$ cat target.csv   # CSV, C-alpha atoms and all ligand atoms
chain,number,residue,atom,x,y,z
A,5,SER,CA,-8.8,5.6,-39.5
A,6,GLU,CA,-10.4,8.5,-37.6
A,7,THR,CA,-10.2,6.9,-34.2
A,8,LYS,CA,-6.4,6.5,-34.6
A,9,THR,CA,-5.8,10.2,-35.1
A,10,GLU,CA,-8.2,11.3,-32.4
A,11,PRO,CA,-6.2,12.9,-29.6
A,12,MET,CA,-5.9,10.8,-26.4
A,13,ARG,CA,-8.1,11.4,-23.4
A,14,VAL,CA,-5.8,10.1,-20.6
A,15,LEU,CA,-7.2,9.2,-17.1
A,16,VAL,CA,-4.5,8.9,-14.5
A,17,THR,CA,-5.6,6.9,-11.4
A,18,GLY,CA,-3.7,7.7,-8.2
A,19,GLY,CA,-3.0,11.2,-9.8
A,20,SER,CA,-2.5,12.8,-6.4
A,21,GLY,CA,0.4,10.5,-5.3
A,22,LEU,CA,4.2,10.6,-5.7
A,23,VAL,CA,4.2,9.3,-9.2
A,24,GLY,CA,1.0,10.9,-10.3
A,25,LYS,CA,2.1,14.4,-9.2
A,26,ALA,CA,5.4,13.8,-11.2
A,27,ILE,CA,3.5,12.9,-14.3
A,28,GLU,CA,1.2,15.9,-13.9
A,29,HIS,CA,4.3,18.1,-13.7
A,30,MET,CA,5.7,16.6,-16.9
A,31,VAL,CA,2.4,17.0,-18.7
A,32,LYS,CA,1.4,20.5,-17.5
A,33,GLN,CA,4.8,22.2,-17.0
A,34,GLU,CA,7.4,20.3,-19.2
A,35,GLY,CA,5.5,20.1,-22.5
A,36,GLY,CA,4.5,16.4,-22.1
A,37,CYS,CA,1.0,17.1,-23.3
A,38,LEU,CA,0.4,17.0,-27.1
A,39,GLU,CA,-2.1,19.3,-28.9
A,40,GLY,CA,-5.7,18.4,-28.2
A,41,GLU,CA,-5.0,15.8,-25.5
A,42,GLN,CA,-7.0,15.8,-22.3
A,43,TRP,CA,-5.4,14.7,-19.1
A,44,THR,CA,-7.3,14.0,-15.9
A,45,PHE,CA,-5.6,13.2,-12.6
A,46,LEU,CA,-7.8,11.4,-10.1
A,47,CYS,CA,-7.5,11.2,-6.3
A,48,SER,CA,-9.4,8.8,-4.0
A,49,LYS,CA,-11.9,11.6,-3.0
A,50,GLU,CA,-13.2,11.8,-6.6
A,51,ALA,CA,-13.6,8.0,-6.8
A,52,ASN,CA,-12.8,5.3,-4.4
A,53,LEU,CA,-11.7,2.6,-6.9
A,54,VAL,CA,-12.2,-0.2,-4.4
A,55,ASP,CA,-15.9,0.4,-5.3
A,56,LEU,CA,-17.0,-0.8,-8.7
A,57,GLN,CA,-19.9,1.7,-9.0
A,58,GLN,CA,-17.6,4.7,-8.3
A,59,THR,CA,-15.1,3.3,-10.7
A,60,ARG,CA,-17.7,3.0,-13.5
A,61,ALA,CA,-19.1,6.5,-12.7
A,62,VAL,CA,-15.7,8.2,-13.0
A,63,PHE,CA,-14.9,6.4,-16.3
A,64,GLU,CA,-18.3,7.4,-17.7
A,65,LYS,CA,-17.6,11.0,-16.7
A,66,TYR,CA,-14.2,11.2,-18.5
A,67,ARG,CA,-14.5,8.6,-21.2
A,68,PRO,CA,-10.8,7.9,-21.4
A,69,THR,CA,-9.1,6.4,-24.4
A,70,HIS,CA,-5.9,5.7,-22.4
A,71,VAL,CA,-5.4,5.0,-18.7
A,72,ILE,CA,-2.3,5.3,-16.5
A,73,HIS,CA,-3.2,3.2,-13.5
A,74,LEU,CA,-1.2,4.2,-10.4
A,75,ALA,CA,-3.8,4.0,-7.6
A,76,ALA,CA,-2.9,1.5,-5.0
A,77,LYS,CA,-3.0,1.0,-1.3
A,78,VAL,CA,0.7,1.5,-0.6
A,79,GLY,CA,2.8,1.8,2.6
A,80,GLY,CA,6.2,1.4,4.0
A,81,LEU,CA,7.7,-1.9,5.2
A,82,TYR,CA,6.2,-1.7,8.7
A,83,LEU,CA,2.6,-1.0,7.7
A,84,HIS,CA,2.7,-3.8,5.2
A,85,MET,CA,3.8,-6.3,7.9
A,86,LYS,CA,0.8,-5.3,10.0
A,87,GLU,CA,-1.8,-5.4,7.3
A,88,ASN,CA,-1.0,-7.9,4.6
A,89,LEU,CA,-4.6,-9.0,4.2
A,90,ASN,CA,-5.9,-5.5,3.7
A,91,PHE,CA,-3.2,-4.7,1.1
A,92,LEU,CA,-4.2,-7.9,-0.8
A,93,ARG,CA,-7.9,-7.3,-0.8
A,94,ASP,CA,-8.0,-3.6,-1.5
A,95,ASN,CA,-5.5,-3.9,-4.3
A,96,LEU,CA,-7.1,-6.9,-6.0
A,97,ARG,CA,-10.4,-5.0,-6.1
A,98,ILE,CA,-8.8,-1.7,-7.3
A,99,ASN,CA,-7.0,-3.4,-10.1
A,100,ASP,CA,-9.9,-5.6,-11.2
A,101,ASN,CA,-12.3,-2.6,-11.2
A,102,VAL,CA,-9.9,-0.4,-13.2
A,103,LEU,CA,-8.9,-3.1,-15.8
A,104,GLN,CA,-12.4,-4.5,-16.3
A,105,THR,CA,-14.0,-1.1,-16.6
A,106,SER,CA,-11.3,-0.1,-19.1
A,107,HIS,CA,-12.2,-3.1,-21.1
A,108,GLU,CA,-15.9,-2.5,-20.9
A,109,MET,CA,-15.5,1.1,-22.0
A,110,GLY,CA,-13.1,0.3,-24.9
A,111,VAL,CA,-10.0,1.9,-23.5
A,112,THR,CA,-7.2,1.3,-26.0
A,113,LYS,CA,-4.3,1.2,-23.7
A,114,VAL,CA,-3.7,0.8,-20.0
A,115,VAL,CA,-0.3,1.2,-18.3
A,116,SER,CA,-0.4,-0.1,-14.8
A,117,CYS,CA,2.3,0.0,-12.2
A,118,LEU,CA,3.9,-3.1,-10.6
A,119,SER,CA,6.8,-2.8,-8.2
A,120,SER,CA,10.3,-4.4,-7.8
A,121,CYS,CA,9.3,-5.4,-4.3
A,122,ILE,CA,6.9,-8.0,-5.7
A,123,PHE,CA,9.7,-10.1,-7.1
A,124,PRO,CA,10.6,-13.6,-5.7
A,125,ASP,CA,12.3,-13.5,-2.4
A,126,LYS,CA,14.6,-16.4,-3.2
A,127,THR,CA,16.1,-15.6,-6.6
A,128,THR,CA,19.3,-15.1,-8.6
A,129,TYR,CA,20.4,-11.5,-9.3
A,130,PRO,CA,19.9,-9.4,-11.2
A,131,ILE,CA,16.2,-9.9,-11.4
A,132,ASP,CA,14.5,-9.3,-14.8
A,133,GLU,CA,11.0,-9.0,-16.2
A,134,SER,CA,10.8,-12.8,-16.9
A,135,MET,CA,11.2,-13.7,-13.3
A,136,ILE,CA,8.1,-12.1,-11.6
A,137,HIS,CA,6.2,-15.3,-10.9
A,138,ASN,CA,9.2,-17.5,-10.1
A,139,GLY,CA,8.5,-18.1,-6.4
A,140,PRO,CA,6.9,-16.4,-3.4
A,141,PRO,CA,7.5,-12.8,-2.7
A,142,HIS,CA,9.1,-11.6,0.6
A,143,ASP,CA,6.9,-12.4,3.6
A,144,SER,CA,6.8,-8.8,4.8
A,145,ASN,CA,4.5,-7.7,1.9
A,146,PHE,CA,3.0,-10.8,0.5
A,147,GLY,CA,-0.5,-9.3,0.3
A,148,TYR,CA,0.5,-6.3,-1.8
A,149,SER,CA,2.8,-8.4,-3.9
A,150,HIS,CA,0.4,-11.0,-4.9
A,151,ALA,CA,-2.2,-8.4,-5.9
A,152,LYS,CA,0.3,-6.6,-8.0
A,153,ARG,CA,1.5,-9.9,-9.7
A,154,MET,CA,-2.1,-10.5,-10.8
A,155,ILE,CA,-2.1,-7.4,-12.9
A,156,ASP,CA,0.5,-9.0,-15.1
A,157,ILE,CA,-1.7,-12.1,-15.4
A,158,GLN,CA,-4.8,-10.0,-16.1
A,159,ASN,CA,-2.9,-8.1,-18.9
A,160,ARG,CA,-2.1,-11.3,-20.6
A,161,GLY,CA,-5.8,-12.4,-20.3
A,162,TYR,CA,-7.1,-9.1,-21.7
A,163,PHE,CA,-4.7,-9.5,-24.7
A,164,GLU,CA,-5.5,-13.1,-25.4
A,165,GLN,CA,-9.3,-12.8,-25.1
A,166,HIS,CA,-9.9,-9.2,-26.2
A,167,LYS,CA,-6.7,-8.1,-28.0
A,168,HIS,CA,-6.2,-5.2,-25.6
A,169,ARG,CA,-2.8,-3.7,-25.2
A,170,TYR,CA,-2.8,-3.4,-21.4
A,171,THR,CA,0.7,-3.5,-20.0
A,172,ALA,CA,2.7,-2.6,-16.9
A,173,VAL,CA,5.9,-1.0,-15.7
A,174,ILE,CA,8.0,-2.1,-12.8
A,175,PRO,CA,9.7,0.9,-11.1
A,176,THR,CA,12.3,0.3,-8.4
A,177,ASN,CA,12.2,2.5,-5.3
A,178,VAL,CA,10.7,5.9,-6.3
A,179,TYR,CA,11.3,9.1,-4.3
A,180,GLY,CA,10.6,12.7,-4.9
A,181,PRO,CA,8.3,15.6,-4.1
A,182,TYR,CA,4.8,14.7,-2.8
A,183,ASP,CA,6.0,11.4,-1.4
A,184,ASN,CA,4.7,10.2,2.0
A,185,PHE,CA,7.2,11.5,4.5
A,186,ASN,CA,5.6,9.8,7.5
A,187,PHE,CA,8.1,8.2,9.9
A,188,GLU,CA,6.3,4.9,10.1
A,189,ASN,CA,4.3,4.5,6.9
A,190,GLY,CA,6.5,6.5,4.5
A,191,HIS,CA,9.0,5.1,1.9
A,192,VAL,CA,12.5,4.7,3.2
A,193,LEU,CA,14.2,7.8,1.7
A,194,SER,CA,11.3,10.2,2.4
A,195,ALA,CA,10.9,8.9,6.0
A,196,LEU,CA,14.6,9.4,6.5
A,197,MET,CA,14.5,12.9,5.1
A,198,HIS,CA,11.8,13.8,7.6
A,199,LYS,CA,13.6,12.2,10.5
A,200,THR,CA,16.8,14.0,9.6
A,201,TYR,CA,14.9,17.3,9.3
A,202,ALA,CA,13.4,16.7,12.8
A,203,ALA,CA,16.7,15.6,14.4
A,204,LYS,CA,18.4,18.7,13.1
A,205,LYS,CA,15.6,21.0,14.4
A,206,GLU,CA,15.6,19.3,17.8
A,207,GLY,CA,19.4,18.8,18.1
A,208,THR,CA,19.0,15.0,18.7
A,209,PRO,CA,20.8,12.0,17.0
A,210,LEU,CA,19.3,10.7,13.8
A,211,GLN,CA,17.8,7.2,14.5
A,212,VAL,CA,17.8,5.1,11.4
A,213,TRP,CA,15.6,1.9,11.5
A,214,GLY,CA,17.6,-1.2,10.5
A,215,SER,CA,21.3,-1.8,10.0
A,216,GLY,CA,21.8,0.5,7.0
A,217,THR,CA,23.3,-2.4,5.0
A,218,PRO,CA,20.4,-3.3,2.6
A,219,ARG,CA,21.0,-2.2,-0.9
A,220,ARG,CA,18.5,-0.5,-3.2
A,221,GLN,CA,18.1,1.1,-6.6
A,222,PHE,CA,16.4,4.5,-6.3
A,223,ILE,CA,14.7,6.4,-9.1
A,224,TYR,CA,13.6,10.0,-9.0
A,225,SER,CA,9.9,10.5,-9.6
A,226,LEU,CA,10.4,12.9,-12.5
A,227,ASP,CA,12.5,10.2,-14.3
A,228,VAL,CA,9.7,7.7,-13.7
A,229,ALA,CA,7.2,10.2,-15.2
A,230,ARG,CA,9.3,10.8,-18.3
A,231,LEU,CA,9.5,7.0,-18.8
A,232,PHE,CA,5.8,6.6,-18.2
A,233,LEU,CA,5.0,9.0,-21.0
A,234,TRP,CA,7.3,7.0,-23.3
A,235,VAL,CA,5.6,3.7,-22.3
A,236,LEU,CA,2.2,5.2,-23.0
A,237,ARG,CA,3.1,6.5,-26.4
A,238,GLU,CA,5.7,4.1,-27.7
A,239,TYR,CA,6.0,0.8,-25.8
A,240,ASP,CA,4.0,-1.8,-27.6
A,241,GLU,CA,4.5,-5.0,-25.5
A,242,ILE,CA,2.1,-6.6,-23.1
A,243,ASP,CA,5.0,-7.9,-21.0
A,244,PRO,CA,6.1,-5.5,-18.3
A,245,ILE,CA,9.3,-3.4,-18.3
A,246,ILE,CA,11.5,-2.5,-15.4
A,247,LEU,CA,12.1,1.2,-14.9
A,248,SER,CA,15.4,1.5,-13.0
A,249,VAL,CA,18.8,2.9,-12.8
A,250,GLY,CA,21.5,0.3,-13.6
A,251,GLU,CA,22.7,-2.5,-11.3
A,252,GLU,CA,25.9,-0.6,-10.7
A,253,GLU,CA,24.0,2.3,-9.2
A,254,GLU,CA,22.5,0.2,-6.4
A,255,LEU,CA,23.7,1.5,-3.0
A,256,THR,CA,23.2,1.0,0.7
A,257,ILE,CA,20.7,2.8,2.9
A,258,LYS,CA,23.7,4.1,4.8
A,259,ASP,CA,25.0,5.7,1.6
A,260,ALA,CA,21.6,7.3,1.1
A,261,VAL,CA,21.5,8.5,4.7
A,262,GLU,CA,24.8,10.3,4.2
A,263,MET,CA,23.5,12.1,1.1
A,264,ILE,CA,20.4,13.1,3.0
A,265,ALA,CA,22.5,14.4,5.9
A,266,ASP,CA,24.5,16.4,3.4
A,267,ALA,CA,21.5,17.8,1.6
A,268,LEU,CA,19.9,18.9,4.9
A,269,ASP,CA,23.2,20.0,6.4
A,270,PHE,CA,22.8,17.7,9.4
A,271,LYS,CA,26.0,17.4,11.4
A,272,GLY,CA,24.7,15.3,14.4
A,273,GLN,CA,25.2,11.7,15.3
A,274,ILE,CA,23.7,8.9,13.1
A,275,VAL,CA,22.5,5.8,14.9
A,276,PHE,CA,21.4,2.5,13.3
A,277,ASP,CA,18.7,0.7,15.3
A,278,THR,CA,19.4,-2.9,14.4
A,279,SER,CA,16.5,-4.1,16.5
A,280,LYS,CA,14.2,-3.0,13.6
A,281,SER,CA,13.7,-5.1,10.6
A,282,ASP,CA,15.8,-4.5,7.4
A,283,GLY,CA,13.4,-6.0,4.9
A,284,GLN,CA,15.0,-7.6,1.8
A,285,ILE,CA,18.8,-7.3,1.9
A,286,LYS,CA,18.8,-6.5,-1.8
A,287,LYS,CA,16.6,-6.9,-4.8
A,288,THR,CA,18.9,-5.9,-7.7
A,289,ALA,CA,16.9,-5.3,-10.8
A,290,SER,CA,18.2,-5.3,-14.4
A,291,ASN,CA,17.4,-2.4,-16.6
A,292,ALA,CA,18.8,-4.1,-19.7
A,293,LYS,CA,15.4,-4.2,-21.4
A,294,LEU,CA,14.9,-0.5,-20.9
A,295,ARG,CA,18.4,0.1,-22.1
A,296,ARG,CA,17.7,-1.8,-25.3
A,297,TYR,CA,14.8,0.6,-26.0
A,298,LEU,CA,16.3,3.8,-24.6
A,299,PRO,CA,20.1,3.5,-24.6
A,300,ASP,CA,20.6,7.3,-24.1
A,301,PHE,CA,18.1,7.9,-21.3
A,302,THR,CA,19.8,9.9,-18.5
A,303,PHE,CA,18.8,9.4,-14.9
A,304,THR,CA,18.9,12.1,-12.3
A,305,PRO,CA,21.9,11.3,-10.1
A,306,LEU,CA,20.8,10.3,-6.6
A,307,SER,CA,22.5,13.1,-4.8
A,308,GLU,CA,20.8,15.6,-7.0
A,309,GLY,CA,17.4,14.0,-6.7
A,310,ILE,CA,17.8,13.8,-2.9
A,311,LYS,CA,18.8,17.5,-2.8
A,312,LYS,CA,15.8,18.5,-4.8
A,313,THR,CA,13.4,16.4,-2.7
A,314,CYS,CA,14.8,17.7,0.6
A,315,ASP,CA,14.5,21.3,-0.7
A,316,TRP,CA,10.9,20.6,-1.7
A,317,PHE,CA,10.1,19.0,1.7
A,318,VAL,CA,11.6,22.0,3.6
A,319,ASN,CA,9.8,24.5,1.5
A,320,ASN,CA,6.5,22.6,1.5
A,321,TYR,CA,6.5,21.3,5.0
A,322,ASP,CA,2.9,22.5,5.5
A,323,ILE,CA,1.4,20.5,2.7
A,324,ALA,CA,3.7,17.5,2.7
A,325,ARG,CA,2.3,14.2,3.8
A,326,THR,CA,3.9,13.7,7.2
B,1,LIG,P1,1.2,7.2,-3.3
B,1,LIG,O1,0.9,6.6,-2.0
B,1,LIG,O2,2.0,8.5,-3.4
B,1,LIG,O3,-0.2,7.5,-4.1
B,1,LIG,C1,-1.2,6.5,-4.1
B,1,LIG,C2,-2.3,7.0,-5.0
B,1,LIG,O4,-3.3,6.1,-5.0
B,1,LIG,C3,-2.9,8.3,-4.4
B,1,LIG,O5,-3.2,9.2,-5.5
B,1,LIG,C4,-4.2,7.8,-3.8
B,1,LIG,O6,-5.2,8.8,-3.7
B,1,LIG,C5,-4.5,6.7,-4.7
B,1,LIG,N1,-5.4,5.7,-4.0
B,1,LIG,C6,-5.1,4.9,-3.0
B,1,LIG,N2,-6.2,4.2,-2.6
B,1,LIG,C7,-7.2,4.5,-3.5
B,1,LIG,C8,-8.5,4.1,-3.7
B,1,LIG,N3,-9.1,3.2,-2.9
B,1,LIG,N4,-9.2,4.7,-4.7
B,1,LIG,C9,-8.6,5.6,-5.5
B,1,LIG,N5,-7.4,6.0,-5.4
B,1,LIG,C10,-6.7,5.5,-4.4
B,1,LIG,O7,1.8,6.1,-4.3
B,1,LIG,P2,3.0,6.2,-5.4
B,1,LIG,O8,2.8,7.4,-6.3
B,1,LIG,O9,4.2,6.0,-4.6
B,1,LIG,O10,2.7,4.9,-6.2
B,1,LIG,C11,2.0,4.9,-7.4
B,1,LIG,C12,2.1,3.5,-8.0
B,1,LIG,O11,3.4,3.1,-8.2
B,1,LIG,C13,1.5,2.5,-7.1
B,1,LIG,O12,0.7,1.6,-7.9
B,1,LIG,C14,2.6,1.8,-6.4
B,1,LIG,O13,2.3,0.5,-6.1
B,1,LIG,C15,3.6,1.9,-7.5
B,1,LIG,N6,5.0,1.9,-7.1
B,1,LIG,C16,5.5,2.8,-6.2
B,1,LIG,C17,6.9,2.7,-5.9
B,1,LIG,C18,7.4,3.7,-4.9
B,1,LIG,O14,8.6,3.5,-4.6
B,1,LIG,N7,6.8,4.7,-4.5
B,1,LIG,C19,7.8,1.7,-6.4
B,1,LIG,C20,7.2,0.8,-7.3
B,1,LIG,C21,5.8,0.9,-7.6
B,1,LIG,P3,-5.3,9.8,-2.4
B,1,LIG,O15,-4.2,10.8,-2.6
B,1,LIG,O16,-6.6,10.5,-2.6
B,1,LIG,O17,-5.2,9.0,-1.2
$ encode --input "target.csv" --output "structure tokens"
Amino acid sequence: SETKTEPMRVLVTGGSGLVGKAIEHMVKQEGGCLEGEQWTFLCSKEANLVDLQQTRAVFEKYRPTHVIHLAAKVGGLYLHMKENLNFLRDNLRINDNVLQTSHEMGVTKVVSCLSSCIFPDKTTYPIDESMIHNGPPHDSNFGYSHAKRMIDIQNRGYFEQHKHRYTAVIPTNVYGPYDNFNFENGHVLSALMHKTYAAKKEGTPLQVWGSGTPRRQFIYSLDVARLFLWVLREYDEIDPIILSVGEEEELTIKDAVEMIADALDFKGQIVFDTSKSDGQIKKTASNAKLRRYLPDFTFTPLSEGIKKTCDWFVNNYDIART
């Protein structure tokens, strides 16, 4: 039918963030945009999605056929621990506004973004897509986690009641250009890059919060972006899919710190402050489902991604979120 061949109009919420900027790069500079498609990248200044009227207005303006929903109130471990209620309420409202408005305006497909930190705290490893709701998330970010989990429930509801193909991806720890490099609120790698940069400049030791022993799977934002485009165009399930490097590529914060020190040529002392919280000790995720679909996908090696991100940070210090 005509509607099927009509080029997509894609609205990306959270288009100014780490993942949004990476998707924008793929679309505008790496040929990710097909003939006739319209892509719009939103930031919170254009529409505060906590507000239903503003959400409706921006959907009316762009009339999307497809939505990539990235907008979320996000923070690092320490901010989450301080403000669980705010993370819960803002995210519940953002997600409900985006999904219900998509439904009301006949959006064909929505790809939302969950996170591997919403998985059950007490679990067997590796964690896979079927285990999201199998027990409470870690206490440190219960607000954010429960709001994210509800997206999966909503997707199921929109399919059962309205036959919409609204789905979600579950990236593990994303890092890359345009991340939040703030010491306190940033994600672990970017905060560490900023700290290392500062320690080098000031000739002081590098203070790492926590013991350095927790293990994580890190994925480069440009890899996440390539996978998002695949999910938008090809992935047909309602059930979510984990976007991650393999289990064997999980490594410690300490390993990552050493790569960052290398990338920034930091030769000073590295101190682990064990009075600070570690968060979850590990949360190994399985990428078996992704591998069944895309056996040949190649991930950017961590040392290479860290080097690129450090270079970006140093060259864009003025505009970086610090
Ligand atoms: P960022 O913090 O970099 O970006 C957040 C985005 O959400 C920004 O574009 C921001 O807009 C927007 N936003 C926040 N609040 C609102 C609001 N009230 N109304 C409208 N827009 C809003 O996040 P990431 O790119 O890191 O994350 C993108 C998605 O991926 C999120 O859903 C996150 O939960 C998920 N995710 C991230 C992981 C990671 O490691 N980074 C891991 C797993 C999942 P503005 O710039 O104007 O503030």
$ closest_residue --input "target.csv" --among "A:Pro209, A:Gly110, A:Pro175, A:Gly139" --to "ligand LIG 1 (chain B)" --atoms "all atoms listed in the file"
A:Pro175
$ residues_around --input "target.csv" --residues "A:Glu64" --least-positions-apart "6" --cutoff "10 Å" --atoms "only C-alpha atoms" --output "ChimeraX atom specification"
/A:58,105,109
$ residues_near_ligand --input "target.csv" --ligand "ligand LIG 1 (chain B)" --cutoff "8 Å" --atoms "only C-alpha atoms and all ligand atoms" --output "ChimeraX atom specification"
/A:17-25,46-55,73-79,94,98,116-121,152,174-179,182-184,191
$ residues_around --input "target.csv" --residues "stretch 247-252 of chain A" --least-positions-apart "2" --cutoff "10 Å" --atoms "only C-alpha atoms" --output "PyMOL selection string"
chain A and resi 119-120+129-131+173-178+220-224+227-228+231-232+244-245+254-255+287-295+301-306
$ residues_around --input "target.csv" --residues "A:Tyr201" --least-positions-apart "2" --cutoff "12 Å" --atoms "all atoms listed in the file" --output "tab-separated table (two decimals) with C-alpha atoms, in the coordinates of the input"
chain	number	residue	atom	x	y	z
A	185	PHE	CA	7.20	11.50	4.50
A	187	PHE	CA	8.10	8.20	9.90
A	194	SER	CA	11.30	10.20	2.40
A	195	ALA	CA	10.90	8.90	6.00
A	196	LEU	CA	14.60	9.40	6.50
A	197	MET	CA	14.50	12.90	5.10
A	198	HIS	CA	11.80	13.80	7.60
A	199	LYS	CA	13.60	12.20	10.50
A	203	ALA	CA	16.70	15.60	14.40
A	204	LYS	CA	18.40	18.70	13.10
A	205	LYS	CA	15.60	21.00	14.40
A	206	GLU	CA	15.60	19.30	17.80
A	207	GLY	CA	19.40	18.80	18.10
A	208	THR	CA	19.00	15.00	18.70
A	209	PRO	CA	20.80	12.00	17.00
A	210	LEU	CA	19.30	10.70	13.80
A	211	GLN	CA	17.80	7.20	14.50
A	261	VAL	CA	21.50	8.50	4.70
A	264	ILE	CA	20.40	13.10	3.00
A	265	ALA	CA	22.50	14.40	5.90
A	266	ASP	CA	24.50	16.40	3.40
A	267	ALA	CA	21.50	17.80	1.60
A	268	LEU	CA	19.90	18.90	4.90
A	269	ASP	CA	23.20	20.00	6.40
A	270	PHE	CA	22.80	17.70	9.40
A	271	LYS	CA	26.00	17.40	11.40
A	272	GLY	CA	24.70	15.30	14.40
A	314	CYS	CA	14.80	17.70	0.60
A	315	ASP	CA	14.50	21.30	-0.70
A	317	PHE	CA	10.10	19.00	1.70
A	318	VAL	CA	11.60	22.00	3.60
A	319	ASN	CA	9.80	24.50	1.50
A	321	TYR	CA	6.50	21.30	5.00
A	326	THR	CA	3.90	13.70	7.20
$ atom_distance --input "target.csv" --atom1 "atom CA of A:Gly147" --atom2 "atom CA of A:Glu241"
26.6 Å
$ closest_residue --input "target.csv" --among "A:Met12, A:Leu233, A:Ile310, A:Leu92" --to "A:Glu262" --atoms "all atoms listed in the file"
A:Ile310
$ closest_residue --input "target.csv" --among "A:Ser225, A:Ser215, A:Thr256, A:Ser144" --to "A:Glu28" --atoms "all atoms listed in the file"
A:Ser225
$ closest_residue --input "target.csv" --among "A:Trp234, A:Trp43, A:Tyr82, A:Phe63" --to "A:Val192" --atoms "all atoms listed in the file"
A:Tyr82
$ atom_distance --input "target.csv" --atom1 "atom CA of A:Phe91" --atom2 "atom CA of A:Phe123"
16.2 Å
$ atom_distance --input "target.csv" --atom1 "atom CA of A:Gly309" --atom2 "atom CA of A:Asn189"
21.1 Å
$ closest_residue --input "target.csv" --among "A:Ala324, A:Ala260, A:Leu56, A:Ile136" --to "A:Ser106" --atoms "only C-alpha atoms"
A:Leu56
$ closest_residue --input "target.csv" --among "A:Arg219, A:Lys32, A:Arg67, A:Arg169" --to "A:Asp282" --atoms "only C-alpha atoms"
A:Arg219
$ residues_around --input "target.csv" --residues "A:Gly161" --least-positions-apart "5" --cutoff "12 Å" --atoms "all atoms listed in the file" --output "list of chain:residue names"
A:Leu103, A:Gln104, A:His107, A:Met154, A:Ile155, A:Asp156, A:His166, A:Lys167, A:His168, A:Arg169, A:Tyr170, A:Thr171, A:Ile242, A:Asp243
$ decode --input "target.csv" --residues "stretch 146-157 of chain A" --atoms "N, CA, C and O atoms" --output "CSV table (one decimal), in the first residue's frame"
chain,number,residue,atom,x,y,z
A,146,PHE,N,16.4,2.4,42.2
A,146,PHE,CA,15.1,1.7,42.1
A,146,PHE,C,14.1,2.6,41.4
A,146,PHE,O,13.2,2.1,40.7
A,147,GLY,N,14.2,3.9,41.5
A,147,GLY,CA,13.2,4.8,40.9
A,147,GLY,C,13.3,4.7,39.4
A,147,GLY,O,12.3,4.4,38.7
A,148,TYR,N,14.4,5.0,38.9
A,148,TYR,CA,14.7,5.0,37.4
A,148,TYR,C,14.4,3.6,36.9
A,148,TYR,O,13.8,3.5,35.8
A,149,SER,N,14.8,2.6,37.6
A,149,SER,CA,14.6,1.2,37.1
A,149,SER,C,13.2,0.8,36.9
A,149,SER,O,12.8,0.2,35.9
A,150,HIS,N,12.4,1.1,38.0
A,150,HIS,CA,11.0,0.7,37.8
A,150,HIS,C,10.3,1.5,36.7
A,150,HIS,O,9.4,0.9,36.0
A,151,ALA,N,10.6,2.8,36.5
A,151,ALA,CA,10.0,3.5,35.4
A,151,ALA,C,10.4,2.9,34.1
A,151,ALA,O,9.6,2.7,33.2
A,152,LYS,N,11.7,2.5,33.9
A,152,LYS,CA,12.1,1.9,32.7
A,152,LYS,C,11.4,0.5,32.5
A,152,LYS,O,11.1,0.2,31.3
A,153,ARG,N,11.3,-0.3,33.5
A,153,ARG,CA,10.7,-1.6,33.4
A,153,ARG,C,9.3,-1.4,32.8
A,153,ARG,O,8.8,-2.3,32.1
A,154,MET,N,8.6,-0.4,33.2
A,154,MET,CA,7.2,-0.2,32.8
A,154,MET,C,7.1,0.0,31.3
A,154,MET,O,6.1,-0.3,30.7
A,155,ILE,N,8.1,0.5,30.7
A,155,ILE,CA,8.1,0.7,29.2
A,155,ILE,C,7.8,-0.7,28.6
A,155,ILE,O,7.1,-0.8,27.6
A,156,ASP,N,8.5,-1.7,29.1
A,156,ASP,CA,8.3,-3.0,28.5
A,156,ASP,C,6.9,-3.5,28.7
A,156,ASP,O,6.3,-4.1,27.8
A,157,ILE,N,6.3,-3.2,29.8
A,157,ILE,CA,4.9,-3.6,30.1
A,157,ILE,C,4.0,-2.8,29.2
A,157,ILE,O,3.0,-3.3,28.6
